[in-house]
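S.K.: Contents of work-v9.csv (CSV, C-alpha atoms and all ligand atoms) are given next:
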```csv
chain,number,residue,atom,x,y,z
A,12,MET,CA,-7.2,-25.9,-29.0
A,13,GLU,CA,-4.4,-27.4,-26.8
A,14,SER,CA,-5.4,-30.5,-24.8
A,15,ARG,CA,-7.2,-29.2,-21.7
A,16,GLY,CA,-5.3,-31.2,-19.1
A,17,SER,CA,-5.0,-29.5,-15.8
A,18,ASN,CA,-3.6,-26.2,-17.0
A,19,PRO,CA,-6.2,-23.6,-16.0
A,20,LEU,CA,-5.1,-21.5,-19.0
A,21,CYS,CA,-6.3,-24.2,-21.4
A,22,GLN,CA,-9.8,-24.6,-20.2
A,23,LEU,CA,-11.8,-21.9,-22.0
A,24,SER,CA,-12.4,-21.4,-25.7
A,25,VAL,CA,-12.2,-18.0,-27.2
A,26,GLU,CA,-16.0,-18.1,-27.8
A,27,GLU,CA,-16.5,-18.7,-24.0
A,28,LEU,CA,-14.1,-15.9,-23.2
A,29,ARG,CA,-15.9,-13.5,-25.5
A,30,ARG,CA,-19.1,-14.1,-23.5
A,31,ARG,CA,-17.4,-12.5,-20.5
A,32,THR,CA,-18.6,-9.0,-19.5
A,33,SER,CA,-15.5,-7.9,-17.6
A,34,MET,CA,-13.0,-5.3,-18.9
A,35,LYS,CA,-10.5,-7.5,-20.7
A,36,TRP,CA,-13.0,-8.9,-23.1
A,37,ARG,CA,-15.4,-5.9,-23.5
A,38,GLN,CA,-13.1,-2.9,-23.9
A,39,TYR,CA,-12.4,-3.5,-27.6
A,40,PRO,CA,-14.5,-4.7,-30.6
A,41,ASP,CA,-14.8,-8.5,-31.3
A,42,ASP,CA,-12.1,-8.4,-34.0
A,43,VAL,CA,-9.5,-7.4,-31.4
A,44,LEU,CA,-7.7,-10.0,-29.4
A,45,PRO,CA,-7.2,-8.7,-25.9
A,46,VAL,CA,-3.9,-9.4,-24.1
A,47,TRP,CA,-3.9,-6.2,-22.0
A,48,VAL,CA,-5.5,-5.7,-18.5
A,49,ALA,CA,-4.4,-8.1,-15.7
A,50,GLU,CA,-7.3,-10.5,-15.9
A,51,MET,CA,-6.6,-14.1,-16.6
A,52,ASP,CA,-8.3,-16.4,-19.1
A,53,VAL,CA,-9.0,-19.1,-16.5
A,54,PRO,CA,-12.2,-20.5,-15.1
A,55,LEU,CA,-12.8,-20.0,-11.4
A,56,ALA,CA,-10.9,-22.5,-9.2
A,57,GLU,CA,-13.2,-25.2,-7.9
A,58,PRO,CA,-12.6,-24.5,-4.2
A,59,ILE,CA,-13.6,-20.9,-4.7
A,60,LYS,CA,-16.6,-21.9,-6.7
A,61,ARG,CA,-17.7,-24.2,-3.9
A,62,ALA,CA,-17.2,-21.7,-1.2
A,63,LEU,CA,-19.2,-19.1,-3.1
A,64,ALA,CA,-22.0,-21.6,-3.9
A,65,ASP,CA,-22.2,-22.6,-0.2
A,66,ALA,CA,-22.5,-18.9,0.8
A,67,LEU,CA,-25.2,-18.3,-1.9
A,68,ASP,CA,-27.1,-21.4,-0.8
A,69,LEU,CA,-27.2,-20.1,2.8
A,70,GLY,CA,-28.0,-16.5,1.7
A,71,ASP,CA,-24.7,-15.6,3.5
A,72,THR,CA,-24.5,-12.3,1.7
A,73,GLY,CA,-24.2,-9.7,4.5
A,74,TYR,CA,-21.3,-7.7,5.8
A,75,PRO,CA,-17.8,-9.2,6.2
A,76,ALA,CA,-16.8,-10.2,9.7
A,77,GLY,CA,-14.1,-12.1,11.5
A,78,PRO,CA,-10.5,-13.1,10.8
A,79,ALA,CA,-11.1,-16.0,8.3
A,80,TYR,CA,-9.4,-14.1,5.4
A,81,ALA,CA,-6.4,-13.1,7.5
A,82,GLU,CA,-6.1,-16.6,8.9
A,83,ALA,CA,-6.1,-18.1,5.4
A,84,LEU,CA,-3.4,-15.6,4.4
A,85,ASP,CA,-1.4,-16.7,7.4
A,86,GLU,CA,-1.7,-20.4,6.4
A,87,PHE,CA,-0.7,-19.6,2.8
A,88,ALA,CA,2.2,-17.3,3.8
A,89,THR,CA,3.5,-19.8,6.3
A,90,LYS,CA,3.4,-22.7,3.8
A,91,ARG,CA,4.8,-20.8,0.8
A,92,TRP,CA,7.2,-18.3,2.3
A,93,GLY,CA,7.8,-19.5,5.9
A,94,TRP,CA,6.4,-16.2,7.1
A,95,HIS,CA,3.8,-15.8,9.8
A,96,VAL,CA,1.0,-13.2,9.3
A,97,GLU,CA,-0.5,-12.2,12.7
A,98,PRO,CA,-4.2,-11.7,12.0
A,99,ALA,CA,-4.3,-9.0,14.7
A,100,HIS,CA,-1.8,-7.0,12.6
A,101,THR,CA,-4.1,-6.9,9.6
A,102,ALA,CA,-7.1,-4.9,8.5
A,103,ILE,CA,-9.5,-5.7,5.7
A,104,VAL,CA,-9.7,-3.1,2.9
A,105,PRO,CA,-11.8,-3.0,-0.3
A,106,ASP,CA,-9.0,-3.7,-2.7
A,107,VAL,CA,-5.2,-3.3,-2.9
A,108,MET,CA,-5.3,0.2,-4.5
A,109,LEU,CA,-7.7,1.6,-2.0
A,110,GLY,CA,-5.6,-0.1,0.7
A,111,ILE,CA,-2.5,1.7,-0.6
A,112,VAL,CA,-4.4,5.0,-0.5
A,113,GLU,CA,-5.3,4.4,3.1
A,114,MET,CA,-1.8,3.4,4.2
A,115,LEU,CA,-0.4,6.5,2.4
A,116,LYS,CA,-2.9,8.7,4.2
A,117,LEU,CA,-1.7,7.3,7.5
A,118,VAL,CA,1.9,8.4,7.0
A,119,THR,CA,1.9,11.4,4.6
A,120,GLY,CA,-0.2,14.5,4.2
A,121,PRO,CA,-1.3,16.6,1.2
A,122,GLY,CA,1.7,17.8,-0.9
A,123,ASP,CA,4.0,15.1,0.5
A,124,ALA,CA,6.0,12.9,-1.8
A,125,VAL,CA,5.6,9.2,-2.7
A,126,VAL,CA,8.5,7.5,-4.4
A,127,VAL,CA,7.9,4.9,-7.1
A,128,ASN,CA,10.2,2.8,-9.3
A,129,SER,CA,9.2,3.7,-12.8
A,130,PRO,CA,8.1,2.3,-15.1
A,131,VAL,CA,5.4,1.0,-12.8
A,132,TYR,CA,1.7,0.1,-12.8
A,133,GLN,CA,0.0,3.2,-14.0
A,134,PRO,CA,-2.7,3.5,-11.2
A,135,PHE,CA,0.2,4.2,-8.8
A,136,TYR,CA,0.4,7.7,-10.5
A,137,LEU,CA,-3.3,8.1,-10.8
A,138,PHE,CA,-4.3,7.2,-7.2
A,139,VAL,CA,-1.3,9.0,-5.6
A,140,GLU,CA,-1.9,12.2,-7.6
A,141,HIS,CA,-5.6,12.0,-7.0
A,142,MET,CA,-4.9,12.1,-3.2
A,143,ASP,CA,-2.8,15.3,-3.6
A,144,ARG,CA,0.6,13.6,-3.0
A,145,ARG,CA,3.5,14.2,-5.3
A,146,ILE,CA,5.2,11.4,-7.2
A,147,VAL,CA,9.0,11.2,-7.1
A,148,GLU,CA,10.4,8.7,-9.5
A,149,ALA,CA,13.3,6.4,-8.8
A,150,PRO,CA,13.6,4.6,-12.2
A,151,LEU,CA,14.5,0.9,-12.4
A,152,GLY,CA,17.9,0.1,-13.9
A,153,CYS,CA,18.0,-1.1,-17.5
A,154,ASP,CA,18.2,-4.6,-16.1
A,155,HIS,CA,14.8,-4.0,-14.6
A,156,ARG,CA,16.1,-4.2,-11.1
A,157,LEU,CA,15.9,-1.7,-8.3
A,158,ASP,CA,18.6,1.0,-8.7
A,159,LEU,CA,19.7,1.8,-5.1
A,160,GLU,CA,21.5,5.0,-6.1
A,161,ALA,CA,18.4,6.3,-7.9
A,162,THR,CA,16.2,5.2,-5.0
A,163,GLU,CA,18.4,7.0,-2.4
A,164,ALA,CA,18.4,10.2,-4.6
A,165,ALA,CA,14.6,10.0,-4.8
A,166,PHE,CA,14.4,9.6,-1.0
A,167,LEU,CA,16.5,12.7,-0.5
A,168,ARG,CA,14.3,14.7,-2.9
A,169,ALA,CA,11.1,13.4,-1.3
A,170,ARG,CA,12.3,14.4,2.2
A,171,GLU,CA,13.4,17.9,1.2
A,172,GLY,CA,12.3,20.4,3.8
A,173,GLY,CA,11.9,17.6,6.3
A,174,ARG,CA,8.5,16.6,5.0
A,175,PRO,CA,7.2,13.1,5.6
A,176,ALA,CA,7.5,10.8,2.6
A,177,ALA,CA,6.5,7.3,1.6
A,178,TYR,CA,7.9,4.7,-0.8
A,179,LEU,CA,5.4,2.7,-2.8
A,180,LEU,CA,7.2,-0.6,-3.6
A,181,CYS,CA,5.8,-2.9,-6.2
A,182,SER,CA,6.9,-6.4,-5.2
A,183,PRO,CA,6.9,-8.4,-7.6
A,184,HIS,CA,7.1,-5.5,-10.0
A,185,ASN,CA,4.4,-4.7,-12.5
A,186,PRO,CA,5.2,-4.4,-15.5
A,187,THR,CA,8.7,-5.9,-15.6
A,188,GLY,CA,7.9,-9.1,-13.6
A,189,THR,CA,11.0,-8.5,-11.5
A,190,VAL,CA,11.1,-10.4,-8.2
A,191,HIS,CA,13.1,-8.5,-5.7
A,192,THR,CA,15.8,-10.4,-3.8
A,193,GLU,CA,16.2,-10.5,-0.1
A,194,ALA,CA,19.5,-8.5,-0.5
A,195,GLU,CA,17.7,-5.8,-2.6
A,196,LEU,CA,14.9,-5.5,-0.2
A,197,SER,CA,17.3,-5.3,2.8
A,198,ALA,CA,19.2,-2.5,1.0
A,199,VAL,CA,16.0,-0.7,0.4
A,200,THR,CA,15.0,-1.1,4.0
A,201,ARG,CA,18.3,0.4,5.2
A,202,LEU,CA,17.9,3.4,2.9
A,203,ALA,CA,14.3,3.9,3.9
A,204,ASN,CA,15.2,3.8,7.6
A,205,ALA,CA,18.3,6.1,7.1
A,206,HIS,CA,16.1,8.7,5.4
A,207,GLY,CA,13.0,8.3,7.4
A,208,VAL,CA,10.8,7.2,4.5
A,209,ARG,CA,7.8,4.9,5.3
A,210,VAL,CA,7.4,1.9,3.0
A,211,VAL,CA,4.1,0.6,1.6
A,212,ALA,CA,4.7,-2.7,-0.3
A,213,ASP,CA,2.1,-3.7,-2.9
A,214,GLU,CA,2.5,-7.5,-2.9
A,215,ILE,CA,-0.6,-8.4,-4.9
A,216,HIS,CA,1.4,-10.5,-7.4
A,217,ALA,CA,3.3,-12.3,-4.6
A,218,PRO,CA,1.8,-15.8,-5.1
A,219,ILE,CA,2.7,-15.6,-8.9
A,220,VAL,CA,6.4,-16.2,-8.7
A,221,LEU,CA,7.8,-18.6,-11.4
A,222,PRO,CA,10.5,-21.3,-11.1
A,223,GLY,CA,13.9,-19.8,-10.5
A,224,ALA,CA,12.8,-16.9,-8.2
A,225,THR,CA,11.5,-16.7,-4.7
A,226,HIS,CA,9.2,-14.1,-3.2
A,227,VAL,CA,10.5,-12.5,0.0
A,228,PRO,CA,7.6,-10.9,1.9
A,229,TYR,CA,8.6,-7.3,2.6
A,230,LEU,CA,7.6,-7.4,6.2
A,231,SER,CA,9.8,-10.5,6.8
A,232,VAL,CA,12.9,-8.4,6.1
A,233,PRO,CA,14.7,-7.2,9.2
A,234,GLY,CA,14.3,-3.5,9.5
A,235,ALA,CA,10.9,-3.4,7.9
A,236,GLU,CA,9.0,-3.1,11.2
A,237,ARG,CA,7.6,0.3,10.4
A,238,ALA,CA,6.3,-0.8,6.9
A,239,PHE,CA,2.9,-1.9,5.6
A,240,SER,CA,2.1,-4.5,3.0
A,241,LEU,CA,-1.0,-5.0,0.9
A,242,MET,CA,-2.0,-8.5,-0.2
A,243,SER,CA,-4.9,-10.3,-1.8
A,244,ALA,CA,-5.8,-13.3,-3.8
A,245,SER,CA,-7.0,-11.1,-6.6
A,246,LYS,CA,-4.3,-11.6,-9.2
A,247,ALA,CA,-3.3,-15.2,-8.6
A,248,TRP,CA,-6.9,-16.5,-8.7
A,249,ASN,CA,-8.4,-13.8,-10.9
A,250,LEU,CA,-10.7,-12.4,-8.3
A,251,ALA,CA,-10.7,-8.7,-9.2
A,252,GLY,CA,-14.5,-8.7,-9.4
A,253,LEU,CA,-14.8,-10.1,-5.8
A,254,LYS,CA,-13.5,-7.2,-3.8
A,255,ALA,CA,-11.5,-7.7,-0.6
A,256,ALA,CA,-7.8,-7.2,0.3
A,257,LEU,CA,-5.7,-7.1,3.5
A,258,ALA,CA,-3.5,-4.4,4.8
A,259,ILE,CA,-0.7,-5.7,7.1
A,260,ALA,CA,1.3,-3.6,9.5
A,261,GLY,CA,4.8,-4.3,10.7
A,262,PRO,CA,5.0,-4.4,14.5
A,263,GLU,CA,6.1,-0.8,14.7
A,264,ALA,CA,3.3,0.4,12.4
A,265,LEU,CA,0.4,-1.1,14.4
A,266,GLY,CA,-0.4,2.3,16.0
A,267,ASP,CA,-0.7,3.8,12.6
A,268,LEU,CA,-2.9,1.0,11.3
A,269,ALA,CA,-5.2,1.5,14.3
A,270,ARG,CA,-5.8,5.1,13.1
A,271,MET,CA,-7.3,3.8,9.8
A,272,PRO,CA,-11.0,4.9,9.9
A,273,GLU,CA,-13.3,2.0,10.7
A,274,GLU,CA,-15.5,2.8,7.6
A,275,VAL,CA,-12.7,1.6,5.3
A,276,GLY,CA,-13.5,-1.9,6.4
A,277,HIS,CA,-17.1,-1.5,5.3
A,278,GLY,CA,-16.0,-1.3,1.6
A,279,PRO,CA,-14.9,-4.9,0.9
A,280,SER,CA,-17.5,-7.5,-0.1
A,281,HIS,CA,-18.3,-10.4,2.2
A,282,LEU,CA,-18.5,-12.7,-0.8
A,283,GLY,CA,-15.1,-11.3,-1.8
A,284,ALA,CA,-13.6,-12.2,1.6
A,285,ILE,CA,-15.1,-15.7,1.3
A,286,ALA,CA,-13.6,-16.1,-2.1
A,287,HIS,CA,-10.1,-14.8,-1.2
A,288,ALA,CA,-10.0,-17.0,1.9
A,289,ALA,CA,-11.0,-20.1,0.0
A,290,ALA,CA,-8.4,-19.4,-2.6
A,291,LEU,CA,-5.6,-19.0,-0.1
A,292,ARG,CA,-6.7,-21.9,2.0
A,293,HIS,CA,-7.7,-24.5,-0.6
A,294,GLY,CA,-6.4,-23.1,-4.0
A,295,GLY,CA,-2.8,-24.2,-3.7
A,296,ASP,CA,-2.9,-27.1,-6.2
A,297,TRP,CA,-4.8,-24.9,-8.7
A,298,LEU,CA,-2.2,-22.2,-8.3
A,299,ASP,CA,0.6,-24.7,-8.9
A,300,ALA,CA,-1.0,-25.8,-12.1
A,301,LEU,CA,-1.4,-22.1,-13.1
A,302,LEU,CA,2.3,-21.4,-12.4
A,303,THR,CA,3.3,-24.4,-14.6
A,304,GLY,CA,1.2,-23.0,-17.4
A,305,LEU,CA,2.6,-19.5,-17.0
A,306,ASP,CA,6.1,-20.8,-16.9
A,307,GLU,CA,5.5,-22.6,-20.2
A,308,ASN,CA,3.9,-19.4,-21.7
A,309,ARG,CA,6.8,-17.2,-20.8
A,310,HIS,CA,9.2,-19.6,-22.6
A,311,LEU,CA,6.8,-20.0,-25.5
A,312,LEU,CA,6.8,-16.2,-25.9
A,313,THR,CA,10.7,-16.3,-26.2
A,314,THR,CA,10.3,-18.8,-29.1
A,315,LEU,CA,7.5,-16.9,-30.8
A,316,LEU,CA,9.2,-13.6,-30.7
A,317,ALA,CA,12.5,-15.1,-32.0
A,318,GLU,CA,10.6,-16.5,-34.9
A,319,ARG,CA,8.4,-13.6,-35.8
A,320,LEU,CA,9.5,-10.4,-34.1
A,321,PRO,CA,13.2,-10.7,-33.4
A,322,GLY,CA,13.5,-7.0,-33.0
A,323,ILE,CA,11.6,-7.1,-29.7
A,324,VAL,CA,13.8,-7.4,-26.6
A,325,TYR,CA,12.1,-9.6,-24.1
A,326,ARG,CA,13.3,-10.5,-20.7
A,327,PRO,CA,11.0,-13.3,-19.4
A,328,PRO,CA,9.3,-12.2,-16.1
A,329,GLU,CA,10.4,-13.9,-12.9
A,330,GLY,CA,7.0,-13.3,-11.4
A,331,THR,CA,3.5,-11.9,-12.4
A,332,PHE,CA,1.9,-12.9,-15.7
A,333,LEU,CA,3.1,-9.8,-17.5
A,334,ALA,CA,5.7,-9.5,-20.3
A,335,TRP,CA,7.3,-6.0,-20.7
A,336,LEU,CA,8.4,-5.8,-24.3
A,337,ASP,CA,11.0,-3.4,-25.5
A,338,CYS,CA,9.8,-2.6,-29.0
A,339,ARG,CA,12.1,0.4,-29.6
A,340,ALA,CA,14.0,-1.4,-32.4
A,341,LEU,CA,10.8,-1.8,-34.4
A,342,GLY,CA,10.5,1.9,-35.1
A,343,LEU,CA,6.9,2.2,-34.0
A,344,GLY,CA,7.4,5.3,-31.9
A,345,ASP,CA,6.8,5.9,-28.2
A,346,ASP,CA,3.6,3.9,-28.0
A,347,PRO,CA,3.9,0.6,-30.0
A,348,ALA,CA,0.7,-0.8,-28.4
A,349,GLN,CA,-1.2,1.7,-30.5
A,350,THR,CA,0.3,0.3,-33.8
A,351,PHE,CA,-0.4,-3.3,-32.7
A,352,LEU,CA,-4.0,-2.4,-32.0
A,353,ASP,CA,-4.6,-0.3,-35.1
A,354,ARG,CA,-2.8,-2.5,-37.6
A,355,GLY,CA,-2.8,-5.9,-36.0
A,356,ARG,CA,-6.1,-5.9,-34.0
A,357,VAL,CA,-4.4,-7.1,-30.9
A,358,ALA,CA,-4.7,-5.1,-27.7
A,359,LEU,CA,-1.6,-4.9,-25.4
A,360,THR,CA,-1.3,-2.4,-22.6
A,361,SER,CA,0.1,0.9,-23.6
A,362,ASN,CA,3.1,2.2,-21.7
A,363,GLN,CA,1.4,5.6,-21.4
A,364,GLY,CA,1.1,6.4,-17.7
A,365,PHE,CA,3.8,3.9,-16.5
A,366,GLY,CA,6.2,6.8,-16.1
A,367,THR,CA,9.8,7.4,-17.1
A,368,GLY,CA,11.5,4.5,-18.9
A,369,GLY,CA,8.3,3.2,-20.5
A,370,GLU,CA,8.6,4.9,-23.9
A,371,GLY,CA,8.8,2.3,-26.7
A,372,TYR,CA,7.6,-0.6,-24.6
A,373,ALA,CA,4.2,-2.5,-24.5
A,374,ARG,CA,2.9,-4.9,-21.9
A,375,LEU,CA,1.5,-8.3,-22.9
A,376,ASN,CA,-0.6,-10.4,-20.6
A,377,LEU,CA,0.7,-14.0,-20.6
A,378,ALA,CA,-2.3,-15.5,-18.7
A,379,THR,CA,-4.0,-17.0,-21.7
A,380,SER,CA,-3.8,-20.2,-23.7
A,381,PRO,CA,-0.8,-21.0,-25.8
A,382,ASP,CA,-3.1,-20.9,-28.8
A,383,LEU,CA,-4.1,-17.3,-28.1
A,384,LEU,CA,-0.6,-16.4,-27.3
A,385,ARG,CA,0.5,-17.6,-30.7
A,386,GLU,CA,-2.4,-15.7,-32.3
A,387,ALA,CA,-1.4,-12.5,-30.4
A,388,VAL,CA,2.2,-12.7,-31.6
A,389,LYS,CA,1.0,-13.4,-35.2
A,390,ARG,CA,-1.1,-10.3,-35.1
A,391,MET,CA,1.7,-8.2,-33.6
A,392,ALA,CA,4.0,-9.4,-36.4
A,393,ALA,CA,1.4,-8.5,-39.0
A,394,ALA,CA,1.4,-5.0,-37.7
A,395,VAL,CA,5.0,-4.2,-38.2
A,401,LIG,C1,0.7,-4.1,-8.8
A,401,LIG,C2,-0.8,-4.0,-8.8
A,401,LIG,N1,-1.4,-3.5,-7.7
A,401,LIG,C3,-2.7,-3.4,-7.6
A,401,LIG,C4,-3.5,-3.9,-8.6
A,401,LIG,C5,-5.0,-3.7,-8.5
A,401,LIG,O1,-5.5,-4.4,-7.4
A,401,LIG,P1,-6.9,-4.1,-6.8
A,401,LIG,O2,-7.9,-4.5,-7.9
A,401,LIG,O3,-7.0,-5.1,-5.6
A,401,LIG,O4,-7.0,-2.7,-6.4
A,401,LIG,C6,-2.9,-4.5,-9.7
A,401,LIG,C7,-3.8,-5.0,-10.8
A,401,LIG,O5,-3.3,-5.5,-11.8
A,401,LIG,C8,-1.5,-4.6,-9.8
A,401,LIG,O6,-0.9,-5.1,-10.8
```
Let me see whether you can do it: turn the structure in this file into structure tokens.
M.R.:
Amino acid sequence: MESRGSNPLCQLSVEELRRRTSMKWRQYPDDVLPVWVAEMDVPLAEPIKRALADALDLGDTGYPAGPAYAEALDEFATKRWGWHVEPAHTAIVPDVMLGIVEMLKLVTGPGDAVVVNSPVYQPFYLFVEHMDRRIVEAPLGCDHRLDLEATEAAFLRAREGGRPAAYLLCSPHNPTGTVHTEAELSAVTRLANAHGVRVVADEIHAPIVLPGATHVPYLSVPGAERAFSLMSASKAWNLAGLKAALAIAGPEALGDLARMPEEVGHGPSHLGAIAHAAALRHGGDWLDALLTGLDENRHLLTTLLAERLPGIVYRPPEGTFLAWLDCRALGLGDDPAQTFLDRGRVALTSNQGFGTGGEGYARLNLATSPDLLREAVKRMAAAV
């Protein structure tokens, strides 16, 4: 194994990881190496462990209360992005996807449209369709960036007949790892306002932005006053099992947020809120070590693919820990992840469900040790 050092990605052996009972390590048999779902192969950061241990010692396992999570997010956002989160403009929700559903319910009704930039995180389709809204796609450009013309065309289609419509922005973007620039976000804001489309920004990956890019919080963009954002520490500190997220309203969306039913706030876990607050308040050094490790991994993947799978087109992500691999030149058909799994015993995320533009791609999770990343690419190469 690599020397452990302070890289959170180099702390756990594959034997330890296989003892985990969460989705990443349990979905497939033990001969499959999992580099799929967005869980990270890291131990829990010490400050989070301490906060949870203190709560357990006290039996502090009741219902969530108070602004501690929102205040911690404010401290983090002010320090990292120079952006102030007003705790009174937030509401606690069970997780980011359920928060998105609630925000969409506030501004659209059944049958209304929700615009997404395909290819995009597949639950966007599942949750939106499950709540009887229609998806309208505005595909990303082939450079993986927002295509303003396609977005405007989608806004027009979404608003046909004068119906309300929303735009579910993924920022940073899963699966491409695109970090949207301030200019791109401003342009999107102008279009949304011109066409009367309400914006809901999923910013779950916001703390995971790698050297060379900067996250611009959507609500900090002038003109985004009627928008909502969803944030949590879930991706950056691997807390998906400790449910709690925050919905944040722009100043002109406060009246809408106030209409969110009180019972939504009963869904998150108190231990989740404690963990997320500890991550945001005290987990900065750990996050920086993680970002260094992810930066190394995204470059290592460039080298490994050049050596073993030069047919794959890979644009290293600017943010997130996801690599969106264009495998079309390998001749593996629409769903290369299936071939990698069947023949190489390595599980990437299939593009199925990511929408238009995903065909021939597979998503690889970089949040693992360099050793396991090498092993993953070796298995992929053996499959072709
Ligand atoms: C863009 C995006 N949104 C939401 C989620 C899920 O968040 P939660 O578990 O808080 O619903 C993920 C998980 O990978 C994600 O990548």
S.K.: Taking only C-alpha atoms and all ligand atoms into account, list the residues no farther than 7 Å from ligand LIG 401 (chain A), as a list in words.
M.R.: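 If we count only C-alpha atoms and all ligand atoms, the neighbours of ligand LIG 401 (chain A) turn out to be Ala49, Asp106, Val107, Met108, Leu109, Tyr132, Cys181, His184, Asn185, Asp213, Ile215, His216, Ser243, Ser245, Lys246, Ala251 and Ala256 of chain A.
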S.K.: Can you pull out the residues contacting Val199 in chain A? Cut-off 12 Å, using only C-alpha atoms, and skip same-chain residues under 3 positions away; I want them as a short mmCIF file (atom, residue, chain, number, x, y, z; two decimals) with C-alpha atoms, in the coordinates of the input.
M.R.:
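Heads up, here's the output in selection_1.cif:
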```cif
data_model
loop_
_atom_site.label_atom_id
_atom_site.label_comp_id
_atom_site.auth_asym_id
_atom_site.auth_seq_id
_atom_site.Cartn_x
_atom_site.Cartn_y
_atom_site.Cartn_z
CA ASN A 128 10.20 2.80 -9.30
CA ALA A 149 13.30 6.40 -8.80
CA LEU A 157 15.90 -1.70 -8.30
CA ASP A 158 18.60 1.00 -8.70
CA LEU A 159 19.70 1.80 -5.10
CA GLU A 160 21.50 5.00 -6.10
CA ALA A 161 18.40 6.30 -7.90
CA THR A 162 16.20 5.20 -5.00
CA GLU A 163 18.40 7.00 -2.40
CA ALA A 165 14.60 10.00 -4.80
CA PHE A 166 14.40 9.60 -1.00
CA TYR A 178 7.90 4.70 -0.80
CA LEU A 179 5.40 2.70 -2.80
CA LEU A 180 7.20 -0.60 -3.60
CA HIS A 191 13.10 -8.50 -5.70
CA THR A 192 15.80 -10.40 -3.80
CA GLU A 193 16.20 -10.50 -0.10
CA ALA A 194 19.50 -8.50 -0.50
CA GLU A 195 17.70 -5.80 -2.60
CA LEU A 196 14.90 -5.50 -0.20
CA LEU A 202 17.90 3.40 2.90
CA ALA A 203 14.30 3.90 3.90
CA ASN A 204 15.20 3.80 7.60
CA ALA A 205 18.30 6.10 7.10
CA HIS A 206 16.10 8.70 5.40
CA GLY A 207 13.00 8.30 7.40
CA VAL A 208 10.80 7.20 4.50
CA ARG A 209 7.80 4.90 5.30
CA VAL A 210 7.40 1.90 3.00
CA ALA A 212 4.70 -2.70 -0.30
CA TYR A 229 8.60 -7.30 2.60
CA VAL A 232 12.90 -8.40 6.10
CA PRO A 233 14.70 -7.20 9.20
CA GLY A 234 14.30 -3.50 9.50
CA ALA A 235 10.90 -3.40 7.90
CA ALA A 238 6.30 -0.80 6.90
#
```
S.K.: Counting only C-alpha atoms, give me one row per residue of range 218-285 of chain A with an atom at most 12 Å from an atom of range 20-33 of chain A, showing the shortest contact pair and its distance in Å to one decimal, sorted by chain then residue number, as JSON lines.
M.R.:
```
{"residue": "A:Trp248", "atom": "CA", "partner": "A:Leu20", "partner_atom": "CA", "distance": 11.6}
{"residue": "A:Asn249", "atom": "CA", "partner": "A:Ser33", "partner_atom": "CA", "distance": 11.4}
{"residue": "A:Leu250", "atom": "CA", "partner": "A:Ser33", "partner_atom": "CA", "distance": 11.4}
{"residue": "A:Ala251", "atom": "CA", "partner": "A:Ser33", "partner_atom": "CA", "distance": 9.7}
{"residue": "A:Gly252", "atom": "CA", "partner": "A:Ser33", "partner_atom": "CA", "distance": 8.3}
```
S.K.: Using CA of Leu336 in chain A and CA of Gly355 in chain A as the two end points, give the distance in Å to one decimal.
M.R.: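 CA of Gly355 in chain A lies 16.2 Å from CA of Leu336 in chain A.
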S.K.: Using only C-alpha atoms, what table do you get, as CSV, when you list each residue of range 57-131 of chain A with an atom no more than 7 Å from range 142-148 of chain A, its nearest pair of atoms, and their distance in Å rounded to one decimal, rows by chain then rising number?
M.R.:
```
residue,atom,partner,partner_atom,distance
A:Pro121,CA,A:Asp143,CA,5.2
A:Gly122,CA,A:Arg144,CA,4.8
A:Asp123,CA,A:Arg144,CA,5.1
A:Ala124,CA,A:Arg145,CA,4.5
A:Val125,CA,A:Ile146,CA,5.0
A:Val126,CA,A:Val147,CA,4.6
A:Val127,CA,A:Glu148,CA,5.1
A:Asn128,CA,A:Glu148,CA,5.9
A:Ser129,CA,A:Glu148,CA,6.1
```
S.K.: What does the distance between CA of Leu301 in chain A and CA of Pro19 in chain A come to in Å, to one decimal place?
M.R.: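 Between these atoms lies a distance of 5.8 Å.
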S.K.: Take CA of Leu268 in chain A and CA of Glu236 in chain A and report the distance between them in Å, one decimal.
M.R.: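 If I compute the distance from CA of Leu268 in chain A to CA of Glu236 in chain A, I get 12.6 Å.
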S.K.: Any idea what's packed within 10 Å of Val395 in chain A, counting all atoms listed in the file, ignoring anything in its chain fewer than 3 positions away? Could you give it as a ChimeraX atom specification?
M.R.: /A:320,341-343,347,350-351,354-355,390-392
S.K.: Which one of A:Ala224, A:Leu55, A:Val96, A:Val131 sits closest to Gly366 in chain A if you count all atoms listed in the file?
M.R.: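 Comparing A:Ala224, A:Leu55, A:Val96, A:Val131 against Gly366 in chain A, the winner is A:Val131.
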S.K.: Using all atoms listed in the file, pick whichever of A:Asp296, A:Asp337, A:Glu329, A:Glu86 has the shortest atom-to-atom distance to His226 in chain A.
M.R.: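 Among the listed residues, the smallest separation from His226 in chain A belongs to A:Glu329.
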S.K.: Rank nothing, just name the residue among A:Trp47, A:Tyr372, A:Tyr80, A:Tyr136 nearest to Thr360 in chain A, using only C-alpha atoms.
M.R.: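 Under the stated criterion, the closest residue is A:Trp47.
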S.K.: Excluding Leu221 in chain A and any residue of its chain fewer than 2 positions from it, enumerate the residues within 9 Å of it, using all atoms listed in the file, and give them as a compact mmCIF listing (two decimals) with C-alpha atoms, in the coordinates of the input.
M.R.:
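Output file out12.txt follows:
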```txt
# COMPACT_ATOMS: atom_id res chain seq x y z
CA ILE A 219 2.70 -15.60 -8.90
CA GLY A 223 13.90 -19.80 -10.50
CA ALA A 224 12.80 -16.90 -8.20
CA THR A 225 11.50 -16.70 -4.70
CA LEU A 302 2.30 -21.40 -12.40
CA THR A 303 3.30 -24.40 -14.60
CA LEU A 305 2.60 -19.50 -17.00
CA ASP A 306 6.10 -20.80 -16.90
CA PRO A 328 9.30 -12.20 -16.10
CA GLU A 329 10.40 -13.90 -12.90
CA GLY A 330 7.00 -13.30 -11.40
CA THR A 331 3.50 -11.90 -12.40
```
